[in-house]
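Okay, structure first, notes after.
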Amino acid sequence: MIHGLMWFPLLAIFIVLAWAGWNEYQKVETYRVWATGADRAKYDIRAALIQKNQTLIWGTPSRSGILSQKTLPLSGIDAVNVRVDGVSISTADSPPSKGSTITLELIGRDQKACKIPFTDVDLAMQWAKALKQDTNTL
């Protein structure tokens with residue numbers, strides 16, 4: 001009986017890990033369906049972001065879909081910045097390798113800033129460069 005009691009916590013940990021994996025798989029599958037037909041797409045645990053034609057759409061991924069969706073036309077963007085731990089990073093500079101808060105900041109014509117969270121600095125820099133190029137060609 002003592003051996004059964006020793007294995008019980010491992011069984012509980014296995015069940016929790018299996019549920020967490022299934023939960024994340026469901027989020028990725030709903031994102032995959034949502035991002036179908038997008039010109040450019042990004043998914044991580046903090047936000048999902050797609051570019052369809054000349055519109056950006058982003059929100060928070062969940063099993064039931066992308067929550068709190070926001071849209072912004074590329075023509076409404078005046079400036080694109082990447083912020084790492086609150087400090088604006090130029091796309092020409094070499095970015096830091098890590099940061100605790102990474103955001104892609106889109107400043108609109110009305111001077112209102114939309115912030116899209118990222119988990120990877122390099123990916124945020126790639127999106128910033130691509131969006132700057134797209135907004136310059138409009």
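Chain labels run A, B, ... following the order of the structure tokens; each chain numbers its residues from 1, and ligands are numbered from 1 in the order shown.
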
8 Å contact set for stretch 30-39 of chain A, only C-alpha atoms, chain neighbours under 2 positions out, as a PyMOL selection string
chain A and resi 26-28+41+43+48+50-53+61-66

Deliver the residues from the most recent selection as a file, using all heavy atoms, as a short mmCIF file (atom, residue, chain, number, x, y, z; two decimals), in the first residue's frame.
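File again_24.cif, as written:
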data_model
loop_
_atom_site.label_atom_id
_atom_site.label_comp_id
_atom_site.auth_asym_id
_atom_site.auth_seq_id
_atom_site.Cartn_x
_atom_site.Cartn_y
_atom_site.Cartn_z
N GLN A 26 -5.57 22.73 -28.13
CA GLN A 26 -6.85 23.31 -28.55
C GLN A 26 -6.69 24.79 -28.93
O GLN A 26 -7.29 25.25 -29.89
CB GLN A 26 -7.90 23.16 -27.44
CG GLN A 26 -8.31 21.74 -27.18
CD GLN A 26 -8.95 21.09 -28.39
OE1 GLN A 26 -9.74 21.70 -29.09
NE2 GLN A 26 -8.57 19.86 -28.66
N LYS A 27 -5.87 25.53 -28.18
CA LYS A 27 -5.62 26.94 -28.51
C LYS A 27 -4.95 27.07 -29.87
O LYS A 27 -5.32 27.92 -30.68
CB LYS A 27 -4.73 27.59 -27.45
CG LYS A 27 -5.40 27.89 -26.15
CD LYS A 27 -4.40 28.57 -25.24
CE LYS A 27 -4.90 28.79 -23.86
NZ LYS A 27 -3.89 29.45 -23.02
N VAL A 28 -3.96 26.24 -30.12
CA VAL A 28 -3.23 26.30 -31.39
C VAL A 28 -4.14 25.92 -32.56
O VAL A 28 -4.08 26.54 -33.62
CB VAL A 28 -1.97 25.40 -31.34
CG1 VAL A 28 -1.33 25.29 -32.71
CG2 VAL A 28 -0.97 25.95 -30.33
N ALA A 41 1.12 35.91 -40.08
CA ALA A 41 0.47 35.50 -38.83
C ALA A 41 1.50 35.24 -37.74
O ALA A 41 2.64 34.89 -38.01
CB ALA A 41 -0.35 34.23 -39.07
N TYR A 43 1.57 33.62 -33.52
CA TYR A 43 0.88 33.06 -32.36
C TYR A 43 1.89 32.86 -31.25
O TYR A 43 2.98 32.34 -31.46
CB TYR A 43 0.25 31.70 -32.70
CG TYR A 43 -0.30 30.99 -31.48
CD1 TYR A 43 -1.57 31.27 -31.03
CD2 TYR A 43 0.47 30.08 -30.77
CE1 TYR A 43 -2.08 30.65 -29.90
CE2 TYR A 43 -0.03 29.46 -29.65
CZ TYR A 43 -1.31 29.73 -29.22
OH TYR A 43 -1.79 29.12 -28.09
N ALA A 48 -2.33 36.58 -30.36
CA ALA A 48 -2.38 36.09 -31.73
C ALA A 48 -2.56 37.32 -32.62
O ALA A 48 -3.32 38.22 -32.28
CB ALA A 48 -3.52 35.12 -31.92
N ILE A 50 -2.69 38.63 -36.88
CA ILE A 50 -2.65 38.33 -38.32
C ILE A 50 -2.75 39.63 -39.10
O ILE A 50 -3.26 40.64 -38.61
CB ILE A 50 -3.78 37.37 -38.76
CG1 ILE A 50 -5.16 37.93 -38.46
CG2 ILE A 50 -3.59 36.00 -38.19
CD1 ILE A 50 -6.29 37.12 -39.04
N GLN A 51 -2.23 39.57 -40.31
CA GLN A 51 -2.39 40.66 -41.26
C GLN A 51 -3.12 40.09 -42.47
O GLN A 51 -2.63 39.18 -43.12
CB GLN A 51 -1.04 41.23 -41.69
CG GLN A 51 -1.17 42.34 -42.70
CD GLN A 51 0.17 42.89 -43.17
OE1 GLN A 51 1.21 42.55 -42.61
NE2 GLN A 51 0.12 43.70 -44.19
N LYS A 52 -4.31 40.59 -42.71
CA LYS A 52 -5.09 40.22 -43.89
C LYS A 52 -5.24 41.46 -44.74
O LYS A 52 -5.81 42.46 -44.28
CB LYS A 52 -6.47 39.69 -43.49
CG LYS A 52 -6.49 38.28 -43.01
CD LYS A 52 -7.91 37.78 -42.85
CE LYS A 52 -7.90 36.33 -42.42
NZ LYS A 52 -9.23 35.80 -42.26
N ASN A 53 -4.72 41.38 -45.95
CA ASN A 53 -4.71 42.51 -46.87
C ASN A 53 -4.07 43.71 -46.20
O ASN A 53 -2.91 43.66 -45.85
CB ASN A 53 -6.12 42.80 -47.39
CG ASN A 53 -6.71 41.62 -48.13
OD1 ASN A 53 -6.01 40.92 -48.84
ND2 ASN A 53 -7.99 41.38 -47.93
N PRO A 61 -5.39 34.43 -27.42
CA PRO A 61 -5.82 33.08 -27.79
C PRO A 61 -6.45 32.33 -26.61
O PRO A 61 -6.01 32.47 -25.46
CB PRO A 61 -4.52 32.40 -28.23
CG PRO A 61 -3.43 33.18 -27.58
CD PRO A 61 -3.93 34.56 -27.39
N SER A 62 -7.48 31.56 -26.93
CA SER A 62 -8.10 30.68 -25.95
C SER A 62 -8.63 29.47 -26.68
O SER A 62 -8.62 29.42 -27.90
CB SER A 62 -9.24 31.40 -25.22
OG SER A 62 -10.36 31.51 -26.06
N ARG A 63 -9.12 28.48 -25.95
CA ARG A 63 -9.65 27.27 -26.57
C ARG A 63 -10.89 27.57 -27.40
O ARG A 63 -11.16 26.93 -28.40
CB ARG A 63 -10.02 26.24 -25.51
CG ARG A 63 -8.85 25.57 -24.89
CD ARG A 63 -9.29 24.45 -24.02
NE ARG A 63 -10.46 24.81 -23.20
CZ ARG A 63 -10.78 24.23 -22.07
NH1 ARG A 63 -10.05 23.26 -21.62
NH2 ARG A 63 -11.82 24.61 -21.40
N SER A 64 -11.66 28.55 -26.99
CA SER A 64 -12.91 28.85 -27.69
C SER A 64 -12.72 29.81 -28.85
O SER A 64 -13.68 30.10 -29.56
CB SER A 64 -13.93 29.43 -26.70
OG SER A 64 -13.43 30.62 -26.13
N GLY A 65 -11.52 30.32 -29.06
CA GLY A 65 -11.26 31.25 -30.15
C GLY A 65 -10.35 32.37 -29.70
O GLY A 65 -9.78 32.33 -28.62
N ILE A 66 -10.24 33.38 -30.54
CA ILE A 66 -9.42 34.54 -30.21
C ILE A 66 -10.31 35.56 -29.53
O ILE A 66 -11.26 36.08 -30.12
CB ILE A 66 -8.76 35.12 -31.48
CG1 ILE A 66 -8.00 34.03 -32.24
CG2 ILE A 66 -7.86 36.28 -31.12
CD1 ILE A 66 -6.91 33.34 -31.47
#

Find the residues near stretch 122-127 of chain A: any atom within 7 Å, counting only C-alpha atoms, skip ones fewer than 3 places away on the same chain, and give them as a VMD selection string.
chain A and resid 82 91 104 118 130 to 131

Kindly export the residues of the current selection with C-alpha atoms, as an mmCIF file, in the first residue's frame.
data_model
loop_
_atom_site.group_PDB
_atom_site.id
_atom_site.type_symbol
_atom_site.label_atom_id
_atom_site.label_comp_id
_atom_site.auth_asym_id
_atom_site.auth_seq_id
_atom_site.Cartn_x
_atom_site.Cartn_y
_atom_site.Cartn_z
ATOM 1 C CA VAL A 82 9.176 47.862 -30.383
ATOM 2 C CA THR A 91 14.805 48.454 -35.828
ATOM 3 C CA LEU A 104 4.852 46.034 -30.615
ATOM 4 C CA PHE A 118 5.176 39.404 -27.850
ATOM 5 C CA ALA A 130 7.527 44.437 -42.172
ATOM 6 C CA LEU A 131 4.838 46.836 -40.955
#

Nearby residues (only C-alpha atoms) at most 9 Å from A:Lys115, same-chain spacing under 2 positions excluded, as a PDB file with all heavy atoms, in the first residue's frame:
ATOM      1  N   THR A 103       6.616  44.508 -26.380  1.00  0.00           N
ATOM      2  CA  THR A 103       5.400  44.918 -27.055  1.00  0.00           C
ATOM      3  C   THR A 103       5.722  45.562 -28.393  1.00  0.00           C
ATOM      4  O   THR A 103       6.749  46.218 -28.553  1.00  0.00           O
ATOM      5  CB  THR A 103       4.576  45.925 -26.219  1.00  0.00           C
ATOM      6  OG1 THR A 103       5.392  47.050 -25.916  1.00  0.00           O
ATOM      7  CG2 THR A 103       4.052  45.315 -24.956  1.00  0.00           C
ATOM      8  N   LEU A 104       4.825  45.338 -29.330  1.00  0.00           N
ATOM      9  CA  LEU A 104       4.852  46.034 -30.615  1.00  0.00           C
ATOM     10  C   LEU A 104       3.843  47.159 -30.466  1.00  0.00           C
ATOM     11  O   LEU A 104       2.663  46.920 -30.231  1.00  0.00           O
ATOM     12  CB  LEU A 104       4.458  45.085 -31.746  1.00  0.00           C
ATOM     13  CG  LEU A 104       4.427  45.673 -33.137  1.00  0.00           C
ATOM     14  CD1 LEU A 104       5.837  46.054 -33.590  1.00  0.00           C
ATOM     15  CD2 LEU A 104       3.826  44.687 -34.116  1.00  0.00           C
ATOM     16  N   GLU A 105       4.319  48.383 -30.556  1.00  0.00           N
ATOM     17  CA  GLU A 105       3.477  49.549 -30.326  1.00  0.00           C
ATOM     18  C   GLU A 105       3.141  50.191 -31.665  1.00  0.00           C
ATOM     19  O   GLU A 105       4.031  50.568 -32.422  1.00  0.00           O
ATOM     20  CB  GLU A 105       4.213  50.534 -29.418  1.00  0.00           C
ATOM     21  CG  GLU A 105       3.408  51.717 -29.011  1.00  0.00           C
ATOM     22  CD  GLU A 105       4.182  52.610 -28.066  1.00  0.00           C
ATOM     23  OE1 GLU A 105       5.278  53.081 -28.453  1.00  0.00           O
ATOM     24  OE2 GLU A 105       3.699  52.838 -26.953  1.00  0.00           O
ATOM     25  N   LEU A 106       1.859  50.299 -31.958  1.00  0.00           N
ATOM     26  CA  LEU A 106       1.373  50.903 -33.189  1.00  0.00           C
ATOM     27  C   LEU A 106       0.720  52.230 -32.836  1.00  0.00           C
ATOM     28  O   LEU A 106      -0.275  52.259 -32.111  1.00  0.00           O
ATOM     29  CB  LEU A 106       0.368  49.987 -33.879  1.00  0.00           C
ATOM     30  CG  LEU A 106       0.819  48.547 -34.104  1.00  0.00           C
ATOM     31  CD1 LEU A 106      -0.330  47.690 -34.572  1.00  0.00           C
ATOM     32  CD2 LEU A 106       1.961  48.513 -35.106  1.00  0.00           C
ATOM     33  N   ILE A 107       1.286  53.319 -33.329  1.00  0.00           N
ATOM     34  CA  ILE A 107       0.754  54.643 -33.031  1.00  0.00           C
ATOM     35  C   ILE A 107      -0.078  55.091 -34.222  1.00  0.00           C
ATOM     36  O   ILE A 107       0.427  55.192 -35.338  1.00  0.00           O
ATOM     37  CB  ILE A 107       1.882  55.635 -32.719  1.00  0.00           C
ATOM     38  CG1 ILE A 107       2.678  55.116 -31.518  1.00  0.00           C
ATOM     39  CG2 ILE A 107       1.311  57.019 -32.440  1.00  0.00           C
ATOM     40  CD1 ILE A 107       3.922  55.863 -31.212  1.00  0.00           C
ATOM     41  N   ALA A 113      -2.048  54.787 -29.011  1.00  0.00           N
ATOM     42  CA  ALA A 113      -1.112  53.678 -29.191  1.00  0.00           C
ATOM     43  C   ALA A 113      -1.801  52.351 -28.900  1.00  0.00           C
ATOM     44  O   ALA A 113      -2.468  52.198 -27.880  1.00  0.00           O
ATOM     45  CB  ALA A 113       0.091  53.842 -28.282  1.00  0.00           C
ATOM     46  N   PRO A 117       1.351  42.405 -27.293  1.00  0.00           N
ATOM     47  CA  PRO A 117       2.425  41.714 -26.564  1.00  0.00           C
ATOM     48  C   PRO A 117       3.078  40.611 -27.397  1.00  0.00           C
ATOM     49  O   PRO A 117       2.429  39.948 -28.197  1.00  0.00           O
ATOM     50  CB  PRO A 117       1.719  41.132 -25.347  1.00  0.00           C
ATOM     51  CG  PRO A 117       0.290  41.044 -25.725  1.00  0.00           C
ATOM     52  CD  PRO A 117       0.033  42.097 -26.754  1.00  0.00           C
TER      53      PRO A 117
END

Name the residues of stretch 67-137 of chain A that come out as strand (DSSP E or B) in a backbone DSSP run; write them as a PyMOL selection string.
chain A and resi 67-73+77-84+87-89+102-108+113-118

Please save C-alpha atoms of the selected residues as a PDB file, in the first residue's frame.
ATOM      1  CA  LEU A  67     -10.812  36.788 -27.471  1.00  0.00           C
ATOM      2  CA  SER A  68     -10.835  40.595 -27.280  1.00  0.00           C
ATOM      3  CA  GLN A  69     -10.172  40.981 -31.001  1.00  0.00           C
ATOM      4  CA  LYS A  70      -9.035  44.389 -32.163  1.00  0.00           C
ATOM      5  CA  THR A  71      -8.511  45.607 -35.713  1.00  0.00           C
ATOM      6  CA  LEU A  72      -6.474  48.406 -37.193  1.00  0.00           C
ATOM      7  CA  PRO A  73      -6.071  49.317 -40.860  1.00  0.00           C
ATOM      8  CA  ILE A  77      -0.684  53.669 -38.551  1.00  0.00           C
ATOM      9  CA  ASP A  78       1.750  56.591 -38.282  1.00  0.00           C
ATOM     10  CA  ALA A  79       4.583  54.909 -36.374  1.00  0.00           C
ATOM     11  CA  VAL A  80       5.684  51.427 -35.333  1.00  0.00           C
ATOM     12  CA  ASN A  81       7.877  50.873 -32.268  1.00  0.00           C
ATOM     13  CA  VAL A  82       9.176  47.862 -30.383  1.00  0.00           C
ATOM     14  CA  ARG A  83       9.393  48.283 -26.623  1.00  0.00           C
ATOM     15  CA  VAL A  84      11.449  45.968 -24.442  1.00  0.00           C
ATOM     16  CA  VAL A  87      12.354  51.144 -23.586  1.00  0.00           C
ATOM     17  CA  SER A  88      11.799  51.837 -27.273  1.00  0.00           C
ATOM     18  CA  ILE A  89      14.190  49.866 -29.511  1.00  0.00           C
ATOM     19  CA  ILE A 102       8.013  42.953 -25.141  1.00  0.00           C
ATOM     20  CA  THR A 103       5.400  44.918 -27.055  1.00  0.00           C
ATOM     21  CA  LEU A 104       4.852  46.034 -30.615  1.00  0.00           C
ATOM     22  CA  GLU A 105       3.477  49.549 -30.326  1.00  0.00           C
ATOM     23  CA  LEU A 106       1.373  50.903 -33.189  1.00  0.00           C
ATOM     24  CA  ILE A 107       0.754  54.643 -33.031  1.00  0.00           C
ATOM     25  CA  GLY A 108      -2.294  55.687 -35.008  1.00  0.00           C
ATOM     26  CA  ALA A 113      -1.112  53.678 -29.191  1.00  0.00           C
ATOM     27  CA  CYS A 114      -2.114  50.036 -29.619  1.00  0.00           C
ATOM     28  CA  LYS A 115       0.194  47.606 -27.844  1.00  0.00           C
ATOM     29  CA  ILE A 116       0.499  43.998 -28.964  1.00  0.00           C
ATOM     30  CA  PRO A 117       2.425  41.714 -26.564  1.00  0.00           C
ATOM     31  CA  PHE A 118       5.176  39.404 -27.850  1.00  0.00           C
TER      32      PHE A 118
END
